[in-house]
Amino acid sequence: MVGDSGRAEEEHAKGGRRMRRICESCEMGYTPTATACPWCGCDAALSHTSDVTSVMDTECYVDYWLCMFETGEVFQLAHDITLDIPGLRRALSRYRVVTFNGLHYDFPIIALALQGATTQMLKAASTRIIEGNEQPWHITDDRLDWVDHIDLFNVAPGMSSLKAYGAKMHSRKLQDLPIHHAASIRWCDRVVLREYCQNDLQTTRDLLDTFPSQIKMREEMSVEYGVDLRSKSDPQIAEAAMKSMLPFKVQIPPVVPGESFYYKPPAWMKFQHLDVLDRIVEHPFYINHSGGVAAHIDNHLIDWGDKAQRLDHHGKWVTRPTGWVHRMVTIGETSYTVGTGGLHSTEANVTFLETETHRLISPDVASYYPSLIVTLGIYPEQIGEIFRSTYRGWYDTRLAAKSRGDKKLANSLKTLLNGVFGKLGSVWSIFFAPKELIQVTITGQLALLMLIEMMETCGIPVVSANTDGIVVNCPRSLEPIYRDIIRWWEKTTGFVMEDTYFRLLASRDVNSYISITTDGETKLKGAFAPAEPGPSGWPNPTGQICVDAVVEYLRTGTPIADTIRACTDVRQFIYARSVKGGGSYLDRPQMPRTTTQRAMRAALEAVGYAHDLPKDALIACYNDLRERTQGRAEYLGKVVRWYYATGSTGCILTPEGGLVPRSEGCRPLMTLTDNVPDDMDYDWYVAEANSILCDIGVTR
């Protein structure tokens, strides 16, 4: 039986969570991989095991540097303060240190501080990282590998700033850096910066507490694969896990812009009447300069997109020309768009209900793209056949774990499987394989179109389709035929479908909908999704109480106003978004940059100007009033948060004087209150909920 010290040593060797011991002699923490303390050499003072987590953050100015831990340690460097280097080393060594973007920013700066750098040197390094986008290894060779460290930057989805995550999590206080980063710090400013840093520590702690299962999964997978995966995103985990299993170093293939290739359909791909397969294989695809894939300029079946480029007939990369028409696929009464990413139907403003004569059924393929990778047998050429066997092993093991209820293992392997697919189009990944990516995505779309064609041919209407599944409004009399079609498709393609039965499906569009299953489960997607982290990102709060009120109305018939007025959680009323350059609150309506002379005269007369000003004077006075009015706006920050208040005519402005979308009539709430504000404009939220009902095609 392995003892505590031996088990800790084993987990450390495999890259898992590190149990720390504190040396009684030097008070440094370390992982017990040796009989003696690696700091002082003491071999008789192993006092106790420490497994304490402490969130850490730093602030850097030309004449002041601050490093704070949530456990209370504060380290400062200034002209009148000597940095406690031994104390900082002790704090770093004894905790599991958690940061946000610490690997890229805080740790290289700390490494320089531990080497005795001045505040001017630290500020110069900080500028190189932030403004010059230099990598940590350009700043210092010391990676501080002896610190047990987790960086949450890649763990949280969406690649947002810490302040933006704070808004998504409803952290108590959203605050921008209170003192300009280029300013000189007076002694009285240090208190302000410590309070600001303390708030950042709390936001980072909120982020850590949001992802306990994800962190635990990463710790367990670190032990499994012998690599520290705790600070990695899902795709990065897949790449690191694969690297740990390969007996060679993978050479990522170079990008060859303009290289062409053709889609190769599997042998089972056949249609009864549609010509989509012929239209796909007729034209080649091309690799673009970024390693992505572009369709042929004459391929009107593949949607072009607003900013994407294709090669024209003269070999020049161009954006979509005027007059180019995307030809959608129409089957029955539904049209579908085909792209390089996924299939989408085009329904909008429509609600479908289960009835006595029809059932709403949604068959979809679990792990569709991983299933395609396995079924098609594709692999990146630079890895070879070993990829196919390894990926298939992950896939089969996950299915077995899922069937026996082992959610922990199933979720870990799902992370690996989806992570690989997410990297097929990345020029920086060992999985980079754009041709194989197209084989997966195009096959997935065409396979669904095969299914849709068969359903419609047999009289079963398909009302929606999106990436990995469809929704049918199946006549109950045709359910046996529906089952036969599903079995035929599964046998033909090799995929396995799972049915979900809806009581209601209400769509604003294919990407934003509300569904209620026959079991009473609610699924919200797109614009209606709550501000929660998910596989496709992490949306901003957008007055979730309105969606909740709509759901309750659809589920039980509860009046919209009753649900909204009964809510006592202020977070449900919140709207938040990032504003480039920072947003400012103006406690009166925005004065537009350009408007009519009549509107200008009205605005000026309201503050006492003469009504008969000449045109030139009118414009000059209006611009002066507009500038002075905007100058009175209160700066909020690069992430703004608000609610709608009765009597408010205020709005939030961008640095250029533009209006932050949907901020008219708002009141800022940068610090959350415990209760719903007394001036909450419930009528505004009721009107918004009724607008959602109209958007999803519900009439009352």
# chains A, B, ... in the order shown; residues from 1 in each chain; ligands from 1
$ residues_around --residues "segment 514-519 of chain A" --least-positions-apart "5" --cutoff "12 Å" --atoms "only C-alpha atoms" --output "ChimeraX atom specification"
/A:349-355,359-362,471,499-509,524-530,547-548,550-556,692-693,695-698
$ residues_around --residues "Ile470 of chain A" --least-positions-apart "6" --cutoff "8 Å" --atoms "only C-alpha atoms" --output "CSV table (one decimal) with all heavy atoms, in the first residue's frame"
chain,number,residue,atom,x,y,z
A,362,SER,N,-37.3,14.9,-32.1
A,362,SER,CA,-36.0,15.3,-32.6
A,362,SER,C,-35.0,14.2,-32.5
A,362,SER,O,-34.4,13.9,-31.4
A,362,SER,CB,-35.5,16.5,-31.7
A,362,SER,OG,-34.2,16.9,-32.0
A,363,PRO,N,-34.7,13.5,-33.6
A,363,PRO,CA,-33.6,12.5,-33.6
A,363,PRO,C,-32.3,13.2,-33.8
A,363,PRO,O,-32.1,14.0,-34.8
A,363,PRO,CB,-34.0,11.6,-34.7
A,363,PRO,CG,-34.7,12.5,-35.7
A,363,PRO,CD,-35.4,13.6,-34.9
A,364,ASP,N,-31.3,13.0,-33.0
A,364,ASP,CA,-30.0,13.5,-33.3
A,364,ASP,C,-28.9,12.5,-33.0
A,364,ASP,O,-29.2,11.5,-32.3
A,364,ASP,CB,-29.7,14.8,-32.5
A,364,ASP,CG,-29.7,14.7,-31.0
A,364,ASP,OD1,-29.5,13.5,-30.5
A,364,ASP,OD2,-30.0,15.7,-30.3
A,448,LEU,N,-27.4,14.2,-43.1
A,448,LEU,CA,-28.7,14.7,-42.6
A,448,LEU,C,-29.7,15.0,-43.8
A,448,LEU,O,-30.9,14.7,-43.6
A,448,LEU,CB,-28.5,15.9,-41.8
A,448,LEU,CG,-27.9,15.7,-40.4
A,448,LEU,CD1,-27.8,17.1,-39.7
A,448,LEU,CD2,-28.7,14.8,-39.5
A,452,ILE,N,-33.5,13.7,-44.2
A,452,ILE,CA,-34.6,14.7,-44.5
A,452,ILE,C,-35.3,14.3,-45.7
A,452,ILE,O,-36.6,14.3,-45.8
A,452,ILE,CB,-34.0,16.1,-44.5
A,452,ILE,CG1,-33.5,16.5,-43.1
A,452,ILE,CG2,-35.1,17.1,-45.0
A,452,ILE,CD1,-32.7,17.8,-43.2
A,462,VAL,N,-40.3,17.7,-42.0
A,462,VAL,CA,-39.1,18.1,-41.2
A,462,VAL,C,-39.2,19.6,-41.0
A,462,VAL,O,-39.3,20.4,-42.0
A,462,VAL,CB,-37.8,17.7,-41.8
A,462,VAL,CG1,-36.6,18.2,-41.0
A,462,VAL,CG2,-37.7,16.2,-42.0
A,463,VAL,N,-39.3,20.1,-39.8
A,463,VAL,CA,-39.5,21.5,-39.5
A,463,VAL,C,-38.3,22.2,-39.1
A,463,VAL,O,-38.3,23.5,-39.0
A,463,VAL,CB,-40.6,21.7,-38.4
A,463,VAL,CG1,-42.0,21.1,-39.0
A,463,VAL,CG2,-40.2,21.0,-37.1
A,464,SER,N,-37.2,21.5,-38.8
A,464,SER,CA,-36.0,22.2,-38.3
A,464,SER,C,-34.8,21.2,-38.5
A,464,SER,O,-35.0,20.0,-38.4
A,464,SER,CB,-36.1,22.7,-36.9
A,464,SER,OG,-34.9,23.4,-36.5
$ select_by_dssp --residues "segment 422-611 of chain A" --states "strand (DSSP E)" --output "PyMOL selection string"
chain A and resi 462-466+469-475+497-509+512-517+522-525+575-586
$ residues_around --residues "Phe153 of chain A" --least-positions-apart "2" --cutoff "6 Å" --atoms "only C-alpha atoms" --output "PDB file with all heavy atoms, in the first residue's frame"
ATOM      1  N   PHE A 100      -5.668  34.326 -13.197  1.00  0.00           N
ATOM      2  CA  PHE A 100      -6.317  34.489 -14.495  1.00  0.00           C
ATOM      3  C   PHE A 100      -5.291  35.126 -15.426  1.00  0.00           C
ATOM      4  O   PHE A 100      -4.859  36.257 -15.212  1.00  0.00           O
ATOM      5  CB  PHE A 100      -7.563  35.373 -14.390  1.00  0.00           C
ATOM      6  CG  PHE A 100      -8.272  35.547 -15.714  1.00  0.00           C
ATOM      7  CD1 PHE A 100      -9.142  34.569 -16.164  1.00  0.00           C
ATOM      8  CD2 PHE A 100      -8.043  36.656 -16.512  1.00  0.00           C
ATOM      9  CE1 PHE A 100      -9.787  34.707 -17.389  1.00  0.00           C
ATOM     10  CE2 PHE A 100      -8.675  36.795 -17.729  1.00  0.00           C
ATOM     11  CZ  PHE A 100      -9.549  35.821 -18.171  1.00  0.00           C
ATOM     12  N   ASN A 101      -4.859  34.386 -16.430  1.00  0.00           N
ATOM     13  CA  ASN A 101      -3.815  34.787 -17.371  1.00  0.00           C
ATOM     14  C   ASN A 101      -2.454  34.894 -16.695  1.00  0.00           C
ATOM     15  O   ASN A 101      -1.581  35.650 -17.138  1.00  0.00           O
ATOM     16  CB  ASN A 101      -4.165  36.114 -18.061  1.00  0.00           C
ATOM     17  CG  ASN A 101      -3.430  36.293 -19.380  1.00  0.00           C
ATOM     18  OD1 ASN A 101      -3.063  35.310 -20.031  1.00  0.00           O
ATOM     19  ND2 ASN A 101      -3.198  37.525 -19.769  1.00  0.00           N
ATOM     20  N   ASP A 151      -3.960  28.237 -14.127  1.00  0.00           N
ATOM     21  CA  ASP A 151      -4.358  29.458 -14.818  1.00  0.00           C
ATOM     22  C   ASP A 151      -5.735  29.217 -15.431  1.00  0.00           C
ATOM     23  O   ASP A 151      -5.915  28.305 -16.241  1.00  0.00           O
ATOM     24  CB  ASP A 151      -3.334  29.793 -15.909  1.00  0.00           C
ATOM     25  CG  ASP A 151      -3.595  31.147 -16.564  1.00  0.00           C
ATOM     26  OD1 ASP A 151      -4.697  31.696 -16.378  1.00  0.00           O
ATOM     27  OD2 ASP A 151      -2.695  31.644 -17.261  1.00  0.00           O
ATOM     28  N   VAL A 155      -9.423  27.741 -19.222  1.00  0.00           N
ATOM     29  CA  VAL A 155     -10.444  26.838 -18.678  1.00  0.00           C
ATOM     30  C   VAL A 155     -11.836  27.387 -18.959  1.00  0.00           C
ATOM     31  O   VAL A 155     -12.751  26.645 -19.340  1.00  0.00           O
ATOM     32  CB  VAL A 155     -10.234  26.630 -17.168  1.00  0.00           C
ATOM     33  CG1 VAL A 155     -11.353  25.763 -16.594  1.00  0.00           C
ATOM     34  CG2 VAL A 155      -8.869  25.994 -16.900  1.00  0.00           C
TER      35      VAL A 155
END
$ atom_distance --atom1 "atom CA of Leu417 of chain A" --atom2 "atom CA of Phe387 of chain A"
11.7 Å
$ closest_residue --among "A:Gly665, A:Pro136, A:Gly332, A:Gly41" --to "Asp587 of chain A" --atoms "only C-alpha atoms"
A:Gly665
$ closest_residue --among "A:Pro266, A:Gly339, A:Pro254, A:Gly384" --to "Leu372 of chain A" --atoms "only C-alpha atoms"
A:Pro266
$ atom_distance --atom1 "atom CA of Gly419 of chain A" --atom2 "atom CA of Asp57 of chain A"
29.3 Å
$ atom_distance --atom1 "atom CA of Arg641 of chain A" --atom2 "atom CA of Arg577 of chain A"
6.8 Å
$ residues_around --residues "Met169 of chain A" --least-positions-apart "6" --cutoff "10 Å" --atoms "only C-alpha atoms" --output "list of chain:residue names"
A:Lys163, A:Thr203, A:Asp206, A:Leu207, A:Thr210, A:Ala531, A:Glu532, A:Pro533, A:Trp538, A:Asn540, A:Pro541, A:Arg571
$ write_last_selection --atoms "N, CA and C atoms" --output "PDB file, in the first residue's frame"
ATOM      1  N   LYS A 163     -13.019  40.968 -16.385  1.00  0.00           N
ATOM      2  CA  LYS A 163     -14.181  41.812 -16.096  1.00  0.00           C
ATOM      3  C   LYS A 163     -15.418  41.283 -16.821  1.00  0.00           C
ATOM      4  N   THR A 203     -13.160  38.259  -8.018  1.00  0.00           N
ATOM      5  CA  THR A 203     -13.714  37.845  -9.311  1.00  0.00           C
ATOM      6  C   THR A 203     -13.055  36.561  -9.793  1.00  0.00           C
ATOM      7  N   ASP A 206     -14.525  33.806  -7.904  1.00  0.00           N
ATOM      8  CA  ASP A 206     -15.838  33.482  -8.464  1.00  0.00           C
ATOM      9  C   ASP A 206     -15.672  32.567  -9.682  1.00  0.00           C
ATOM     10  N   LEU A 207     -14.697  32.873 -10.525  1.00  0.00           N
ATOM     11  CA  LEU A 207     -14.468  32.074 -11.728  1.00  0.00           C
ATOM     12  C   LEU A 207     -14.027  30.662 -11.357  1.00  0.00           C
ATOM     13  N   THR A 210     -16.867  28.604 -10.236  1.00  0.00           N
ATOM     14  CA  THR A 210     -17.819  28.285 -11.299  1.00  0.00           C
ATOM     15  C   THR A 210     -17.473  26.976 -11.999  1.00  0.00           C
ATOM     16  N   ALA A 531     -27.151  33.115 -19.054  1.00  0.00           N
ATOM     17  CA  ALA A 531     -25.734  33.491 -18.990  1.00  0.00           C
ATOM     18  C   ALA A 531     -24.950  32.429 -18.228  1.00  0.00           C
ATOM     19  N   GLU A 532     -24.803  31.278 -18.868  1.00  0.00           N
ATOM     20  CA  GLU A 532     -24.084  30.165 -18.266  1.00  0.00           C
ATOM     21  C   GLU A 532     -23.060  29.634 -19.254  1.00  0.00           C
ATOM     22  N   PRO A 533     -21.902  29.142 -18.767  1.00  0.00           N
ATOM     23  CA  PRO A 533     -20.903  28.596 -19.687  1.00  0.00           C
ATOM     24  C   PRO A 533     -21.397  27.326 -20.352  1.00  0.00           C
ATOM     25  N   TRP A 538     -20.106  31.487 -23.746  1.00  0.00           N
ATOM     26  CA  TRP A 538     -20.684  31.954 -22.497  1.00  0.00           C
ATOM     27  C   TRP A 538     -21.352  33.292 -22.765  1.00  0.00           C
ATOM     28  N   ASN A 540     -23.576  36.849 -22.548  1.00  0.00           N
ATOM     29  CA  ASN A 540     -23.746  37.913 -21.567  1.00  0.00           C
ATOM     30  C   ASN A 540     -25.154  37.870 -20.981  1.00  0.00           C
ATOM     31  N   PRO A 541     -25.341  38.383 -19.761  1.00  0.00           N
ATOM     32  CA  PRO A 541     -26.696  38.499 -19.212  1.00  0.00           C
ATOM     33  C   PRO A 541     -27.535  39.456 -20.050  1.00  0.00           C
ATOM     34  N   ARG A 571     -30.324  39.796 -10.260  1.00  0.00           N
ATOM     35  CA  ARG A 571     -29.484  39.281 -11.348  1.00  0.00           C
ATOM     36  C   ARG A 571     -30.303  38.907 -12.568  1.00  0.00           C
TER      37      ARG A 571
END
$ closest_residue --among "A:Thr357, A:Ser536, A:Asn411, A:Asn473" --to "Glu220 of chain A" --atoms "only C-alpha atoms"
A:Asn411
$ residues_around --residues "segment 567-570 of chain A" --least-positions-apart "5" --cutoff "9 Å" --atoms "only C-alpha atoms" --output "PDB file with N, CA and C atoms, in the first residue's frame"
ATOM      1  N   ILE A 545     -35.023  37.273 -16.949  1.00  0.00           N
ATOM      2  CA  ILE A 545     -36.376  37.192 -16.398  1.00  0.00           C
ATOM      3  C   ILE A 545     -37.421  37.233 -17.508  1.00  0.00           C
ATOM      4  N   ASP A 562     -47.054  38.535 -14.020  1.00  0.00           N
ATOM      5  CA  ASP A 562     -47.005  37.883 -12.711  1.00  0.00           C
ATOM      6  C   ASP A 562     -45.609  37.319 -12.437  1.00  0.00           C
ATOM      7  N   TYR A 643     -29.709  47.995 -15.526  1.00  0.00           N
ATOM      8  CA  TYR A 643     -31.096  47.540 -15.526  1.00  0.00           C
ATOM      9  C   TYR A 643     -31.934  48.697 -16.046  1.00  0.00           C
ATOM     10  N   LEU A 672     -23.637  45.142  -7.577  1.00  0.00           N
ATOM     11  CA  LEU A 672     -24.947  44.518  -7.389  1.00  0.00           C
ATOM     12  C   LEU A 672     -25.525  44.849  -6.016  1.00  0.00           C
ATOM     13  N   THR A 673     -26.820  45.038  -5.987  1.00  0.00           N
ATOM     14  CA  THR A 673     -27.529  45.231  -4.725  1.00  0.00           C
ATOM     15  C   THR A 673     -28.101  43.898  -4.256  1.00  0.00           C
ATOM     16  N   ASP A 674     -28.417  43.832  -2.973  1.00  0.00           N
ATOM     17  CA  ASP A 674     -29.000  42.599  -2.433  1.00  0.00           C
ATOM     18  C   ASP A 674     -30.450  42.432  -2.856  1.00  0.00           C
ATOM     19  N   ASN A 675     -31.125  43.552  -3.102  1.00  0.00           N
ATOM     20  CA  ASN A 675     -32.541  43.508  -3.444  1.00  0.00           C
ATOM     21  C   ASN A 675     -32.780  44.161  -4.806  1.00  0.00           C
ATOM     22  N   VAL A 676     -33.944  43.925  -5.347  1.00  0.00           N
ATOM     23  CA  VAL A 676     -34.326  44.581  -6.598  1.00  0.00           C
ATOM     24  C   VAL A 676     -34.509  46.074  -6.323  1.00  0.00           C
ATOM     25  N   PRO A 677     -33.886  46.954  -7.114  1.00  0.00           N
ATOM     26  CA  PRO A 677     -34.028  48.404  -6.877  1.00  0.00           C
ATOM     27  C   PRO A 677     -35.492  48.845  -6.912  1.00  0.00           C
TER      28      PRO A 677
END
$ closest_residue --among "A:Thr542, A:Thr140, A:Gly393, A:Pro535" --to "Ser233 of chain A" --atoms "only C-alpha atoms"
A:Pro535
$ residues_around --residues "segment 402-409 of chain A" --least-positions-apart "2" --cutoff "10 Å" --atoms "only C-alpha atoms" --output "list of chain:residue names"
A:Ser213, A:Lys216, A:Met217, A:Glu220, A:Met221, A:Asp396, A:Thr397, A:Arg398, A:Leu399, A:Ala400, A:Asn411, A:Ser412, A:Leu413, A:Lys414, A:Thr415
$ write_last_selection --atoms "all heavy atoms" --output "CSV table (one decimal), in the first residue's frame"
chain,number,residue,atom,x,y,z
A,213,SER,N,-16.1,21.1,-11.4
A,213,SER,CA,-16.1,19.8,-12.0
A,213,SER,C,-15.0,19.8,-13.2
A,213,SER,O,-14.4,18.8,-13.4
A,213,SER,CB,-17.4,19.5,-12.6
A,213,SER,OG,-17.9,20.4,-13.5
A,216,LYS,N,-11.6,19.5,-11.5
A,216,LYS,CA,-11.4,18.2,-11.0
A,216,LYS,C,-11.2,17.2,-12.2
A,216,LYS,O,-10.3,16.3,-12.1
A,216,LYS,CB,-12.7,17.7,-10.2
A,216,LYS,CG,-12.5,16.3,-9.6
A,216,LYS,CD,-13.7,16.0,-8.7
A,216,LYS,CE,-13.5,14.6,-8.1
A,216,LYS,NZ,-14.7,14.3,-7.2
A,217,MET,N,-11.9,17.3,-13.3
A,217,MET,CA,-11.7,16.5,-14.4
A,217,MET,C,-10.3,16.7,-15.0
A,217,MET,O,-9.6,15.7,-15.3
A,217,MET,CB,-12.7,16.8,-15.5
A,217,MET,CG,-12.5,16.0,-16.8
A,217,MET,SD,-13.4,16.7,-18.2
A,217,MET,CE,-12.3,18.1,-18.6
A,220,GLU,N,-7.8,14.9,-12.7
A,220,GLU,CA,-7.8,13.4,-12.9
A,220,GLU,C,-7.1,13.0,-14.3
A,220,GLU,O,-6.4,12.0,-14.3
A,220,GLU,CB,-9.2,12.9,-12.9
A,220,GLU,CG,-9.8,13.0,-11.5
A,220,GLU,CD,-11.3,12.9,-11.5
A,220,GLU,OE1,-11.9,12.9,-12.6
A,220,GLU,OE2,-11.9,12.7,-10.4
A,221,MET,N,-7.4,13.8,-15.3
A,221,MET,CA,-6.8,13.5,-16.6
A,221,MET,C,-5.3,13.8,-16.6
A,221,MET,O,-4.5,13.2,-17.3
A,221,MET,CB,-7.5,14.3,-17.7
A,221,MET,CG,-8.9,13.9,-17.9
A,221,MET,SD,-9.7,14.9,-19.2
A,221,MET,CE,-8.9,14.3,-20.7
A,396,ASP,N,-14.8,4.4,-28.2
A,396,ASP,CA,-15.4,3.2,-27.7
A,396,ASP,C,-15.5,3.2,-26.2
A,396,ASP,O,-16.5,2.8,-25.6
A,396,ASP,CB,-14.7,2.0,-28.2
A,396,ASP,CG,-14.8,1.8,-29.7
A,396,ASP,OD1,-15.8,2.3,-30.3
A,396,ASP,OD2,-14.0,1.0,-30.3
A,397,THR,N,-14.4,3.6,-25.6
A,397,THR,CA,-14.4,3.7,-24.1
A,397,THR,C,-15.4,4.6,-23.6
A,397,THR,O,-16.1,4.4,-22.5
A,397,THR,CB,-13.0,4.1,-23.6
A,397,THR,OG1,-12.0,3.2,-24.2
A,397,THR,CG2,-12.9,4.0,-22.1
A,398,ARG,N,-15.6,5.8,-24.3
A,398,ARG,CA,-16.6,6.7,-23.8
A,398,ARG,C,-18.0,6.1,-23.9
A,398,ARG,O,-18.8,6.3,-23.0
A,398,ARG,CB,-16.5,8.0,-24.6
A,398,ARG,CG,-17.6,9.0,-24.2
A,398,ARG,CD,-17.6,10.3,-24.9
A,398,ARG,NE,-18.6,11.2,-24.3
A,398,ARG,CZ,-19.9,11.3,-24.8
A,398,ARG,NH1,-20.3,10.6,-25.9
A,398,ARG,NH2,-20.7,12.1,-24.2
A,399,LEU,N,-18.3,5.5,-25.0
A,399,LEU,CA,-19.6,4.9,-25.2
A,399,LEU,C,-19.9,3.8,-24.1
A,399,LEU,O,-21.0,3.8,-23.5
A,399,LEU,CB,-19.8,4.2,-26.6
A,399,LEU,CG,-19.8,5.2,-27.7
A,399,LEU,CD1,-20.0,4.4,-29.0
A,399,LEU,CD2,-20.9,6.2,-27.6
A,400,ALA,N,-18.9,3.0,-23.8
A,400,ALA,CA,-19.0,2.0,-22.7
A,400,ALA,C,-19.2,2.6,-21.4
A,400,ALA,O,-20.1,2.2,-20.6
A,400,ALA,CB,-17.8,1.1,-22.7
A,411,ASN,N,-17.4,12.0,-19.5
A,411,ASN,CA,-17.2,13.5,-19.8
A,411,ASN,C,-15.7,13.8,-20.1
A,411,ASN,O,-15.4,14.6,-20.9
A,411,ASN,CB,-17.6,14.3,-18.5
A,411,ASN,CG,-19.1,14.3,-18.4
A,411,ASN,OD1,-19.8,14.1,-19.3
A,411,ASN,ND2,-19.6,14.5,-17.2
A,412,SER,N,-14.8,13.1,-19.5
A,412,SER,CA,-13.4,13.3,-19.8
A,412,SER,C,-13.1,12.9,-21.2
A,412,SER,O,-12.4,13.7,-21.9
A,412,SER,CB,-12.5,12.5,-18.8
A,412,SER,OG,-12.7,12.9,-17.5
A,413,LEU,N,-13.6,11.8,-21.6
A,413,LEU,CA,-13.3,11.4,-23.0
A,413,LEU,C,-14.1,12.2,-24.0
A,413,LEU,O,-13.6,12.4,-25.1
A,413,LEU,CB,-13.7,9.9,-23.2
A,413,LEU,CG,-12.8,9.0,-22.4
A,413,LEU,CD1,-13.3,7.5,-22.4
A,413,LEU,CD2,-11.4,8.9,-23.0
A,414,LYS,N,-15.2,12.8,-23.7
A,414,LYS,CA,-15.9,13.7,-24.5
A,414,LYS,C,-15.1,14.9,-24.8
A,414,LYS,O,-15.1,15.5,-25.9
A,414,LYS,CB,-17.3,14.1,-23.9
A,414,LYS,CG,-18.1,15.0,-24.8
A,414,LYS,CD,-19.4,15.3,-24.1
A,414,LYS,CE,-20.3,16.3,-25.0
A,414,LYS,NZ,-21.6,16.6,-24.3
A,415,THR,N,-14.4,15.4,-23.7
A,415,THR,CA,-13.5,16.5,-23.9
A,415,THR,C,-12.4,16.2,-24.9
A,415,THR,O,-12.1,17.1,-25.7
A,415,THR,CB,-12.9,16.8,-22.5
A,415,THR,OG1,-13.9,17.2,-21.6
A,415,THR,CG2,-11.9,18.0,-22.6
$ closest_residue --among "A:Arg218, A:Ala576, A:Met454, A:Gly132" --to "Pro661 of chain A" --atoms "only C-alpha atoms"
A:Ala576
$ residues_around --residues "segment 268-281 of chain A" --least-positions-apart "4" --cutoff "8 Å" --atoms "only C-alpha atoms" --output "VMD selection string"
chain A and resid 262 to 264 299 301 329 446 to 447 450 453 492 to 493
$ select_by_dssp --residues "segment 45-123 of chain A" --states "alpha helix (DSSP H)" --output "list in words"
Ile85, Pro86, Gly87, Leu88, Arg89, Arg90, Ala91, Leu92, Ser93, Arg94, Phe107, Pro108, Ile109, Ile110, Ala111, Leu112, Ala113, Leu114, Thr119, Gln120, Met121, Leu122 and Lys123 of chain A
